[in-house]
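Novice: Have a peek at protein.cif (mmCIF, C-alpha atoms, pLDDT in the B column; chains and numbers go by the auth columns).
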data_structure
loop_
_atom_site.group_PDB
_atom_site.id
_atom_site.type_symbol
_atom_site.label_atom_id
_atom_site.label_comp_id
_atom_site.label_asym_id
_atom_site.label_seq_id
_atom_site.Cartn_x
_atom_site.Cartn_y
_atom_site.Cartn_z
_atom_site.B_iso_or_equiv
_atom_site.auth_seq_id
_atom_site.auth_asym_id
ATOM 1 C CA MET A 1 -3.543 -12.996 -23.231 88.00 2 R
ATOM 2 C CA LEU A 2 -4.327 -11.841 -19.675 90.00 3 R
ATOM 3 C CA ALA A 3 -1.680 -14.211 -18.308 90.00 4 R
ATOM 4 C CA ASP A 4 0.925 -12.688 -20.655 89.00 5 R
ATOM 5 C CA ALA A 5 -0.087 -9.168 -19.627 90.00 6 R
ATOM 6 C CA GLN A 6 0.147 -10.088 -15.933 93.00 7 R
ATOM 7 C CA SER A 7 3.538 -11.681 -16.535 90.00 8 R
ATOM 8 C CA SER A 8 4.812 -8.457 -18.111 89.00 9 R
ATOM 9 C CA MET A 9 3.517 -6.503 -15.101 92.00 10 R
ATOM 10 C CA ARG A 10 5.202 -8.904 -12.675 91.00 11 R
ATOM 11 C CA HIS A 11 8.462 -8.603 -14.579 89.00 12 R
ATOM 12 C CA ASN A 12 8.350 -4.829 -15.003 89.00 13 R
ATOM 13 C CA TYR A 13 7.340 -4.090 -11.410 90.00 14 R
ATOM 14 C CA ILE A 14 9.181 -6.973 -9.671 92.00 15 R
ATOM 15 C CA ASN A 15 5.861 -8.553 -8.588 94.00 16 R
ATOM 16 C CA GLY A 16 4.858 -5.209 -7.071 94.00 17 R
ATOM 17 C CA GLY A 17 7.181 -5.966 -4.163 96.00 18 R
ATOM 18 C CA PRO A 18 9.236 -2.755 -4.076 96.00 19 R
ATOM 19 C CA GLY A 19 6.069 -0.645 -3.999 96.00 20 R
ATOM 20 C CA VAL A 20 4.599 -2.682 -1.142 98.00 21 R
ATOM 21 C CA PHE A 21 7.902 -2.501 0.767 98.00 22 R
ATOM 22 C CA ILE A 22 8.231 1.262 0.326 98.00 23 R
ATOM 23 C CA SER A 23 4.605 1.691 1.367 98.00 24 R
ATOM 24 C CA GLY A 24 5.471 -0.206 4.552 98.00 25 R
ATOM 25 C CA LEU A 25 8.303 2.247 5.196 98.00 26 R
ATOM 26 C CA VAL A 26 5.879 5.149 4.709 98.00 27 R
ATOM 27 C CA TRP A 27 3.487 3.669 7.274 98.00 28 R
ATOM 28 C CA LEU A 28 6.330 3.238 9.776 98.00 29 R
ATOM 29 C CA ILE A 29 7.607 6.779 9.199 98.00 30 R
ATOM 30 C CA ALA A 30 4.062 8.075 9.730 97.00 31 R
ATOM 31 C CA ALA A 31 3.902 6.121 13.010 96.00 32 R
ATOM 32 C CA ILE A 32 7.199 7.610 14.181 96.00 33 R
ATOM 33 C CA VAL A 33 6.184 11.146 13.219 97.00 34 R
ATOM 34 C CA THR A 34 2.767 10.698 14.848 94.00 35 R
ATOM 35 C CA THR A 35 4.397 9.476 18.050 93.00 36 R
ATOM 36 C CA PHE A 36 7.121 12.089 18.373 95.00 37 R
ATOM 37 C CA ILE A 37 5.770 15.146 16.551 96.00 38 R
ATOM 38 C CA GLY A 38 2.011 14.689 16.614 94.00 39 R
ATOM 39 C CA PHE A 39 -0.958 13.515 14.640 93.00 40 R
ATOM 40 C CA ASN A 40 -0.995 16.333 12.072 94.00 41 R
ATOM 41 C CA GLY A 41 2.692 15.787 11.329 96.00 42 R
ATOM 42 C CA GLY A 42 1.989 12.078 10.926 95.00 43 R
ATOM 43 C CA ILE A 43 -0.743 12.756 8.381 95.00 44 R
ATOM 44 C CA ILE A 44 1.569 15.065 6.437 96.00 45 R
ATOM 45 C CA ALA A 45 4.331 12.441 6.475 97.00 46 R
ATOM 46 C CA PHE A 46 1.806 9.806 5.376 96.00 47 R
ATOM 47 C CA PHE A 47 0.498 11.960 2.528 95.00 48 R
ATOM 48 C CA ILE A 48 3.914 13.074 1.231 97.00 49 R
ATOM 49 C CA GLY A 49 5.333 9.576 1.646 97.00 50 R
ATOM 50 C CA GLY A 50 2.343 8.130 -0.188 95.00 51 R
ATOM 51 C CA MET A 51 3.008 10.435 -3.141 95.00 52 R
ATOM 52 C CA LEU A 52 6.607 9.205 -3.245 97.00 53 R
ATOM 53 C CA ILE A 53 5.814 5.463 -3.269 96.00 54 R
ATOM 54 C CA HIS A 54 5.500 5.116 -7.036 93.00 55 R
ATOM 55 C CA PRO A 55 8.515 7.215 -8.095 94.00 56 R
ATOM 56 C CA VAL A 56 10.817 5.686 -5.475 96.00 57 R
ATOM 57 C CA SER A 57 9.685 2.137 -6.232 93.00 58 R
ATOM 58 C CA ALA A 58 10.156 2.840 -9.970 89.00 59 R
ATOM 59 C CA LEU A 59 13.780 3.782 -9.260 91.00 60 R
ATOM 60 C CA VAL A 60 14.296 0.598 -7.251 91.00 61 R
ATOM 61 C CA GLU A 61 12.611 -1.531 -9.911 88.00 62 R
ATOM 62 C CA ASN A 62 14.757 -0.018 -12.664 84.00 63 R
ATOM 63 C CA LYS A 63 17.896 -0.869 -10.693 86.00 64 R
ATOM 64 C CA MET A 64 16.730 -4.436 -10.066 84.00 65 R
ATOM 65 C CA LYS A 65 15.540 -5.347 -13.574 72.00 66 R
ATOM 66 C CA GLN A 66 17.967 -7.272 -15.710 58.00 67 R
ATOM 67 C CA GLU A 67 16.225 -6.521 -19.001 64.00 68 R
ATOM 68 C CA ALA A 68 13.682 -4.018 -20.172 59.00 69 R
ATOM 69 C CA ALA A 69 10.057 -5.101 -20.399 65.00 70 R
ATOM 70 C CA VAL A 70 7.026 -3.204 -21.606 72.00 71 R
ATOM 71 C CA PRO A 71 4.230 -3.244 -19.025 77.00 72 R
ATOM 72 C CA ASP A 72 0.691 -3.915 -20.200 78.00 73 R
ATOM 73 C CA LYS A 73 -1.153 -0.633 -20.792 85.00 74 R
ATOM 74 C CA GLY A 74 -4.559 -2.123 -19.970 86.00 75 R
ATOM 75 C CA LEU A 75 -3.389 -3.322 -16.575 91.00 76 R
ATOM 76 C CA ILE A 76 -1.647 -0.003 -15.907 89.00 77 R
ATOM 77 C CA ARG A 77 -4.998 1.694 -16.601 89.00 78 R
ATOM 78 C CA LEU A 78 -6.655 -0.719 -14.174 89.00 79 R
ATOM 79 C CA SER A 79 -4.155 0.255 -11.485 90.00 80 R
ATOM 80 C CA LEU A 80 -4.880 3.921 -12.184 89.00 81 R
ATOM 81 C CA LEU A 81 -8.601 3.242 -11.809 89.00 82 R
ATOM 82 C CA THR A 82 -7.945 2.273 -8.189 90.00 83 R
ATOM 83 C CA LEU A 83 -6.655 5.778 -7.412 91.00 84 R
ATOM 84 C CA PRO A 84 -10.127 7.316 -6.832 91.00 85 R
ATOM 85 C CA LEU A 85 -10.637 4.684 -4.116 90.00 86 R
ATOM 86 C CA LEU A 86 -7.352 5.757 -2.575 93.00 87 R
ATOM 87 C CA PHE A 87 -8.058 9.502 -2.716 93.00 88 R
ATOM 88 C CA GLY A 88 -11.671 9.061 -1.619 95.00 89 R
ATOM 89 C CA GLY A 89 -10.493 6.963 1.303 94.00 90 R
ATOM 90 C CA LEU A 90 -7.881 9.560 2.240 94.00 91 R
ATOM 91 C CA PHE A 91 -10.557 12.262 2.206 94.00 92 R
ATOM 92 C CA LEU A 92 -12.949 10.136 4.277 95.00 93 R
ATOM 93 C CA ALA A 93 -10.218 9.198 6.757 95.00 94 R
ATOM 94 C CA TYR A 94 -9.218 12.822 7.191 94.00 95 R
ATOM 95 C CA ILE A 95 -12.826 14.016 7.680 95.00 96 R
ATOM 96 C CA LEU A 96 -13.424 11.293 10.285 93.00 97 R
ATOM 97 C CA SER A 97 -10.135 12.092 12.016 92.00 98 R
ATOM 98 C CA VAL A 98 -11.300 15.651 12.662 93.00 99 R
ATOM 99 C CA GLN A 99 -13.793 14.119 15.107 91.00 100 R
ATOM 100 C CA ASN A 100 -11.518 11.340 16.330 89.00 101 R
ATOM 101 C CA GLN A 101 -7.851 11.050 15.331 91.00 102 R
ATOM 102 C CA ALA A 102 -7.844 7.326 16.087 89.00 103 R
ATOM 103 C CA LEU A 103 -10.035 6.726 13.020 92.00 104 R
ATOM 104 C CA PHE A 104 -7.569 7.953 10.382 95.00 105 R
ATOM 105 C CA TYR A 105 -5.116 5.057 10.177 95.00 106 R
ATOM 106 C CA PRO A 106 -7.687 2.236 10.516 95.00 107 R
ATOM 107 C CA VAL A 107 -9.784 3.690 7.684 96.00 108 R
ATOM 108 C CA MET A 108 -6.661 4.061 5.539 97.00 109 R
ATOM 109 C CA ALA A 109 -5.662 0.456 6.318 97.00 110 R
ATOM 110 C CA ILE A 110 -9.046 -0.715 5.019 97.00 111 R
ATOM 111 C CA VAL A 111 -8.767 1.461 1.896 97.00 112 R
ATOM 112 C CA ILE A 112 -5.224 0.307 1.110 97.00 113 R
ATOM 113 C CA GLY A 113 -6.294 -3.281 1.755 97.00 114 R
ATOM 114 C CA LEU A 114 -9.161 -2.972 -0.719 96.00 115 R
ATOM 115 C CA ARG A 115 -6.800 -1.483 -3.290 96.00 116 R
ATOM 116 C CA TYR A 116 -4.386 -4.402 -2.884 97.00 117 R
ATOM 117 C CA VAL A 117 -7.191 -6.863 -3.628 96.00 118 R
ATOM 118 C CA ALA A 118 -7.455 -5.288 -7.102 94.00 119 R
ATOM 119 C CA PHE A 119 -3.722 -5.872 -7.545 96.00 120 R
ATOM 120 C CA GLN A 120 -4.453 -9.606 -7.763 96.00 121 R
ATOM 121 C CA ARG A 121 -5.948 -8.957 -11.202 95.00 122 R
ATOM 122 C CA ILE A 122 -3.070 -6.686 -12.196 94.00 123 R
ATOM 123 C CA TYR A 123 -0.258 -9.056 -11.208 95.00 124 R
ATOM 124 C CA GLY A 124 -2.085 -12.389 -11.223 96.00 125 R
ATOM 125 C CA LEU A 125 -0.789 -13.146 -7.727 97.00 126 R
ATOM 126 C CA ASN A 126 -3.203 -14.368 -5.056 97.00 127 R
ATOM 127 C CA VAL A 127 -0.875 -13.079 -2.352 98.00 128 R
ATOM 128 C CA PHE A 128 -2.424 -9.638 -2.949 98.00 129 R
ATOM 129 C CA ILE A 129 -5.797 -10.981 -1.816 98.00 130 R
ATOM 130 C CA ILE A 130 -4.166 -12.191 1.396 98.00 131 R
ATOM 131 C CA LEU A 131 -2.347 -8.882 1.908 98.00 132 R
ATOM 132 C CA GLY A 132 -5.444 -6.810 1.164 98.00 133 R
ATOM 133 C CA THR A 133 -7.674 -8.888 3.394 98.00 134 R
ATOM 134 C CA LEU A 134 -5.161 -8.790 6.234 98.00 135 R
ATOM 135 C CA LEU A 135 -4.785 -4.988 6.090 98.00 136 R
ATOM 136 C CA SER A 136 -8.557 -4.512 5.875 97.00 137 R
ATOM 137 C CA PHE A 137 -8.990 -6.849 8.849 96.00 138 R
ATOM 138 C CA VAL A 138 -6.434 -4.865 10.886 95.00 139 R
ATOM 139 C CA GLY A 139 -8.233 -1.607 10.084 95.00 140 R
ATOM 140 C CA ALA A 140 -11.672 -3.050 10.830 94.00 141 R
ATOM 141 C CA LEU A 141 -10.485 -4.595 14.091 92.00 142 R
ATOM 142 C CA PHE A 142 -9.176 -1.272 15.344 90.00 143 R
ATOM 143 C CA LEU A 143 -12.333 0.530 14.205 88.00 144 R
ATOM 144 C CA LEU A 144 -14.692 -1.961 15.813 86.00 145 R
ATOM 145 C CA ARG A 145 -12.715 -2.203 19.036 79.00 146 R
ATOM 146 C CA GLN A 146 -12.403 1.611 19.126 69.00 147 R
ATOM 147 C CA LEU A 147 -8.815 1.377 20.239 65.00 148 R
ATOM 148 C CA GLU A 148 -7.384 4.822 20.907 64.00 149 R
ATOM 149 C CA THR A 149 -3.704 4.154 20.282 70.00 150 R
ATOM 150 C CA VAL A 150 -3.243 6.222 17.117 75.00 151 R
ATOM 151 C CA PHE A 151 0.270 4.996 16.274 80.00 152 R
ATOM 152 C CA VAL A 152 -0.347 1.235 16.585 90.00 153 R
ATOM 153 C CA VAL A 153 -2.191 0.726 13.274 93.00 154 R
ATOM 154 C CA PRO A 154 0.547 2.283 11.116 96.00 155 R
ATOM 155 C CA ILE A 155 3.140 0.163 12.919 96.00 156 R
ATOM 156 C CA VAL A 156 1.165 -3.039 12.303 96.00 157 R
ATOM 157 C CA VAL A 157 0.416 -2.140 8.666 97.00 158 R
ATOM 158 C CA GLY A 158 4.032 -1.086 8.108 98.00 159 R
ATOM 159 C CA VAL A 159 5.409 -4.365 9.425 98.00 160 R
ATOM 160 C CA VAL A 160 2.908 -6.418 7.405 98.00 161 R
ATOM 161 C CA GLU A 161 3.789 -4.511 4.224 98.00 162 R
ATOM 162 C CA LEU A 162 7.531 -4.863 4.838 98.00 163 R
ATOM 163 C CA PHE A 163 7.058 -8.625 5.156 98.00 164 R
ATOM 164 C CA PHE A 164 4.889 -8.947 2.032 98.00 165 R
ATOM 165 C CA GLY A 165 7.040 -6.486 0.081 97.00 166 R
ATOM 166 C CA THR A 166 10.146 -8.522 0.859 96.00 167 R
ATOM 167 C CA TYR A 167 8.368 -11.738 -0.079 97.00 168 R
ATOM 168 C CA LEU A 168 7.089 -10.340 -3.377 97.00 169 R
ATOM 169 C CA THR A 169 10.451 -8.808 -4.302 94.00 170 R
ATOM 170 C CA ARG A 170 12.368 -11.997 -3.574 92.00 171 R
ATOM 171 C CA ARG A 171 9.737 -14.232 -5.210 89.00 172 R
ATOM 172 C CA LYS A 172 10.876 -15.764 -8.471 77.00 173 R
ATOM 173 C CA LEU A 173 9.619 -13.815 -11.480 66.00 174 R
ATOM 174 C CA THR A 174 7.491 -15.836 -13.871 57.00 175 R
#
Translate this structure into structure tokens?
Specialist:
Amino acid sequence: MLADAQSSMRHNYINGGPGVFISGLVWLIAAIVTTFIGFNGGIIAFFIGGMLIHPVSALVENKMKQEAAVPDKGLIRLSLLTLPLLFGGLFLAYILSVQNQALFYPVMAIVIGLRYVAFQRIYGLNVFIILGTLLSFVGALFLLRQLETVFVVPIVVGVVELFFGTYLTRRKLT
């Protein structure tokens, strides 16, 4: 039963690939805005872009699907249950960034990484554990090393997500 539900989620959301890819674009846009306009502009771009990930990826997924599929409501609810982690992490990252701007993106990388780990259960794909662990590792590395280059983390996360998003989107649907 769970395997069938995960299969419907993979089919309906193209393995989650478009969402991961678009998230990567948001991270890269935030890096560009942070570099050329400033940190506050980068946070605004990150926040607005983050709100657009689901609707834009839904448009892409609808264009890519060859036949309609009904996603599993239980697994959709599970994905929605990860949103408090996301919003709590955004709040924490922002509060910490008031003291030190270099903390914002590493904390968000850890939060997004933890959220992706839950996607393994939603899609039944172990690649989300790898993606989530990698993003959390990137965030933790920059936090522990106290690296001050604010724009580097969103570039690294953006590139990683573009790679995984492409892989997931091109991966054969099962």
Novice: Determine, counting all atoms listed in the file, which protein, DNA and RNA residues have an atom within 8 Å of an atom of Pro107 in chain R; residues of the same chain fewer than 3 positions away are not included. Present the result as a ChimeraX atom specification.
Specialist: /R:103-104,110-111,139-141,143-144,154
Novice: Could you give me, as a ChimeraX atom specification, the residues within 8 Å of Ala32 in chain R, counting only C-alpha atoms and dropping anything in the same chain fewer than 6 positions from it?
Specialist: /R:43,152-153,155-156
Novice: Between R:Arg171, R:Lys66, R:His55, R:Arg146, which residue has the minimum interatomic distance to Leu81 in chain R, considering all atoms listed in the file?
Specialist: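 Selected residue with least distance to Leu81 in chain R: R:His55.
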Novice: Kindly assemble as a tab-separated table a list of the range 104-155 of chain R residues that lie within 12 Å of range 2-6 of chain R, each paired with its nearest atom pair and their distance in Å to one decimal, using only C-alpha atoms, sorted first by chain and then by ascending residue number.
Specialist:
residue	atom	partner	partner_atom	distance
R:Gln121	CA	R:Ala4	CA	11.8
R:Arg122	CA	R:Leu3	CA	9.1
R:Ile123	CA	R:Ala6	CA	8.4
R:Tyr124	CA	R:Ala6	CA	8.4
R:Gly125	CA	R:Ala4	CA	7.3
R:Leu126	CA	R:Ala4	CA	10.7
Novice: Can those selected residues be exported to a file as a PDB file, keeping the file's coordinate frame so that it contains C-alpha atoms?
Specialist:
ATOM      1  CA  GLN R 121      -4.453  -9.606  -7.763  1.00 96.00           C
ATOM      2  CA  ARG R 122      -5.948  -8.957 -11.202  1.00 95.00           C
ATOM      3  CA  ILE R 123      -3.070  -6.686 -12.196  1.00 94.00           C
ATOM      4  CA  TYR R 124      -0.258  -9.056 -11.208  1.00 95.00           C
ATOM      5  CA  GLY R 125      -2.085 -12.389 -11.223  1.00 96.00           C
ATOM      6  CA  LEU R 126      -0.789 -13.146  -7.727  1.00 97.00           C
TER       7      LEU R 126
END
Novice: So that I can check the surroundings of Val34 in chain R, please list as JSON, numbers by chain every protein, DNA and RNA residue that reaches within 12 Å of it, counting only C-alpha atoms and ignoring chain neighbours fewer than 6 positions away.
Specialist: {"R": [27, 28, 40, 41, 42, 43, 44, 45, 46, 47, 50, 151, 152, 155, 156]}
Novice: Just write the chosen residues, C-alpha atoms, as a short mmCIF file (atom, residue, chain, number, x, y, z; two decimals), in the frame of the given file.
Specialist:
data_model
loop_
_atom_site.label_atom_id
_atom_site.label_comp_id
_atom_site.auth_asym_id
_atom_site.auth_seq_id
_atom_site.Cartn_x
_atom_site.Cartn_y
_atom_site.Cartn_z
CA VAL R 27 5.88 5.15 4.71
CA TRP R 28 3.49 3.67 7.27
CA PHE R 40 -0.96 13.52 14.64
CA ASN R 41 -1.00 16.33 12.07
CA GLY R 42 2.69 15.79 11.33
CA GLY R 43 1.99 12.08 10.93
CA ILE R 44 -0.74 12.76 8.38
CA ILE R 45 1.57 15.06 6.44
CA ALA R 46 4.33 12.44 6.48
CA PHE R 47 1.81 9.81 5.38
CA GLY R 50 5.33 9.58 1.65
CA VAL R 151 -3.24 6.22 17.12
CA PHE R 152 0.27 5.00 16.27
CA PRO R 155 0.55 2.28 11.12
CA ILE R 156 3.14 0.16 12.92
#
Novice: With 5 Å added on each side, what axis-aligned box encloses every listed atom of range 113-130 of chain R? Give the centre and edge lengths in Å to one decimal, as lines of an AutoDock Vina configuration file.
Specialist:
center_x = -4.7
center_y = -7.0
center_z = -5.2
size_x = 18.9
size_y = 24.7
size_z = 24.0
Novice: How many Å separate CA of Ile23 in chain R from CA of Val160 in chain R?
Specialist: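 Computing it gives 11.1 Å between the two atoms.
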Novice: With distances taken over all atoms listed in the file, which of R:Val57, R:Leu169, R:Gln102, R:Val108 is nearest to Phe129 in chain R?
Specialist: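 Closest to Phe129 in chain R of all the choices is R:Leu169.
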Novice: Give me, please, the distance in Å between CA of Ile15 in chain R and CA of Met65 in chain R, quoted to one decimal.
Specialist: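 CA of Ile15 in chain R sits 8.0 Å away from CA of Met65 in chain R.
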Novice: Can you tell me, as a ChimeraX atom specification, what residues are no more than 6 Å from Gly25 in chain R when counting all atoms listed in the file, ignoring any on the same chain fewer than 5 positions away?
Specialist: /R:159,162-163
Novice: Store the residues picked out above in a file with C-alpha atoms, as a compact mmCIF listing (two decimals), in the frame of the given file.
Specialist:
# COMPACT_ATOMS: atom_id res chain seq x y z
CA GLY R 159 4.03 -1.09 8.11
CA GLU R 162 3.79 -4.51 4.22
CA LEU R 163 7.53 -4.86 4.84
Novice: List the residues selected by the PyMOL selection byres ((chain R and resi 87) around 12) in the file shown, writing them as a ChimeraX atom specification.
Specialist: /R:48,51-52,80-86,88-94,108-117,119
Novice: List as a ChimeraX atom specification the protein and nucleic acid residues near Gly17 in chain R, meaning an atom at most 9 Å away when only C-alpha atoms are counted, but skip any in the same chain fewer than 6 places from it.
Specialist: /R:10-11,58,120,124,166,169-170
Novice: Smallest atom-to-atom distance to Leu60 in chain R: which of R:Phe165, R:Tyr106, R:Tyr14, R:Phe37, using all atoms listed in the file?
Specialist: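 Comparing R:Phe165, R:Tyr106, R:Tyr14, R:Phe37 against Leu60 in chain R, the winner is R:Tyr14.
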Novice: Of the candidates R:Thr134, R:Phe164, R:Thr150, R:Val71, which one gets nearest to Thr35 in chain R if we count all atoms listed in the file?
Specialist: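 Using all atoms listed in the file, Thr35 in chain R sits closest to R:Thr150.
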Novice: Between R:Ile130, R:Ile38, R:Ile54, R:Val161, which has the minimum distance to Val118 in chain R (counting only C-alpha atoms)?
Specialist: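 Closest residue, counting only C-alpha atoms: R:Ile130.
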Novice: Rounded to one decimal in Å, what is the spacing between CA of Ile33 in chain R and CA of Leu132 in chain R?
Specialist: 22.7 Å
Novice: Given the choices R:Tyr95, R:His12, R:Ile49, R:Arg172, which gets closest to Ser24 in chain R if the distance is worked out from only C-alpha atoms?
Specialist: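 Of R:Tyr95, R:His12, R:Ile49, R:Arg172, the one nearest Ser24 in chain R, counting only C-alpha atoms, is R:Ile49.
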Novice: Hey, could you patch up range 60-88 of chain R with N, CA and C atoms and hand it over as a short mmCIF file (atom, residue, chain, number, x, y, z; two decimals), keeping the file's coordinate frame?
Specialist:
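Resulting contents of part.cif:
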data_model
loop_
_atom_site.label_atom_id
_atom_site.label_comp_id
_atom_site.auth_asym_id
_atom_site.auth_seq_id
_atom_site.Cartn_x
_atom_site.Cartn_y
_atom_site.Cartn_z
N LEU R 60 12.31 3.73 -9.27
CA LEU R 60 13.78 3.78 -9.26
C LEU R 60 14.38 2.45 -8.82
N VAL R 61 13.82 1.89 -7.75
CA VAL R 61 14.30 0.60 -7.25
C VAL R 61 14.09 -0.49 -8.30
N GLU R 62 12.91 -0.51 -8.91
CA GLU R 62 12.61 -1.53 -9.91
C GLU R 62 13.55 -1.42 -11.11
N ASN R 63 13.84 -0.20 -11.53
CA ASN R 63 14.76 -0.02 -12.66
C ASN R 63 16.16 -0.52 -12.34
N LYS R 64 16.58 -0.37 -11.11
CA LYS R 64 17.90 -0.87 -10.69
C LYS R 64 17.92 -2.39 -10.61
N MET R 65 16.78 -2.99 -10.27
CA MET R 65 16.73 -4.44 -10.07
C MET R 65 16.51 -5.22 -11.35
N LYS R 66 15.86 -4.62 -12.35
CA LYS R 66 15.54 -5.35 -13.57
C LYS R 66 16.80 -5.67 -14.36
N GLN R 67 16.82 -6.86 -14.92
CA GLN R 67 17.97 -7.27 -15.71
C GLN R 67 17.76 -6.96 -17.18
N GLU R 68 16.52 -6.86 -17.61
CA GLU R 68 16.23 -6.52 -19.00
C GLU R 68 14.95 -5.70 -19.04
N ALA R 69 14.85 -4.88 -20.05
CA ALA R 69 13.68 -4.02 -20.17
C ALA R 69 12.46 -4.84 -20.57
N ALA R 70 11.33 -4.47 -20.04
CA ALA R 70 10.06 -5.10 -20.40
C ALA R 70 9.02 -4.00 -20.53
N VAL R 71 8.09 -4.19 -21.40
CA VAL R 71 7.03 -3.20 -21.61
C VAL R 71 5.81 -3.66 -20.80
N PRO R 72 5.39 -2.85 -19.81
CA PRO R 72 4.23 -3.24 -19.02
C PRO R 72 2.96 -3.14 -19.86
N ASP R 73 1.96 -3.90 -19.49
CA ASP R 73 0.69 -3.92 -20.20
C ASP R 73 -0.09 -2.63 -19.90
N LYS R 74 -0.45 -1.92 -20.96
CA LYS R 74 -1.15 -0.63 -20.79
C LYS R 74 -2.54 -0.80 -20.19
N GLY R 75 -3.23 -1.88 -20.53
CA GLY R 75 -4.56 -2.12 -19.97
C GLY R 75 -4.51 -2.34 -18.46
N LEU R 76 -3.51 -3.08 -18.01
CA LEU R 76 -3.39 -3.32 -16.58
C LEU R 76 -2.87 -2.09 -15.84
N ILE R 77 -2.07 -1.28 -16.52
CA ILE R 77 -1.65 0.00 -15.91
C ILE R 77 -2.88 0.88 -15.72
N ARG R 78 -3.75 0.92 -16.73
CA ARG R 78 -5.00 1.69 -16.60
C ARG R 78 -5.84 1.17 -15.45
N LEU R 79 -5.90 -0.15 -15.29
CA LEU R 79 -6.66 -0.72 -14.17
C LEU R 79 -6.08 -0.24 -12.84
N SER R 80 -4.76 -0.23 -12.74
CA SER R 80 -4.16 0.26 -11.48
C SER R 80 -4.48 1.73 -11.26
N LEU R 81 -4.52 2.51 -12.32
CA LEU R 81 -4.88 3.92 -12.18
C LEU R 81 -6.35 4.10 -11.77
N LEU R 82 -7.19 3.17 -12.19
CA LEU R 82 -8.60 3.24 -11.81
C LEU R 82 -8.82 2.99 -10.32
N THR R 83 -7.82 2.46 -9.64
CA THR R 83 -7.94 2.27 -8.19
C THR R 83 -7.59 3.55 -7.42
N LEU R 84 -7.05 4.54 -8.10
CA LEU R 84 -6.66 5.78 -7.41
C LEU R 84 -7.84 6.56 -6.82
N PRO R 85 -9.00 6.63 -7.50
CA PRO R 85 -10.13 7.32 -6.83
C PRO R 85 -10.50 6.68 -5.50
N LEU R 86 -10.40 5.36 -5.39
CA LEU R 86 -10.64 4.68 -4.12
C LEU R 86 -9.64 5.19 -3.08
N LEU R 87 -8.40 5.30 -3.48
CA LEU R 87 -7.35 5.76 -2.58
C LEU R 87 -7.60 7.19 -2.12
N PHE R 88 -7.86 8.10 -3.07
CA PHE R 88 -8.06 9.50 -2.72
C PHE R 88 -9.37 9.72 -1.97
#
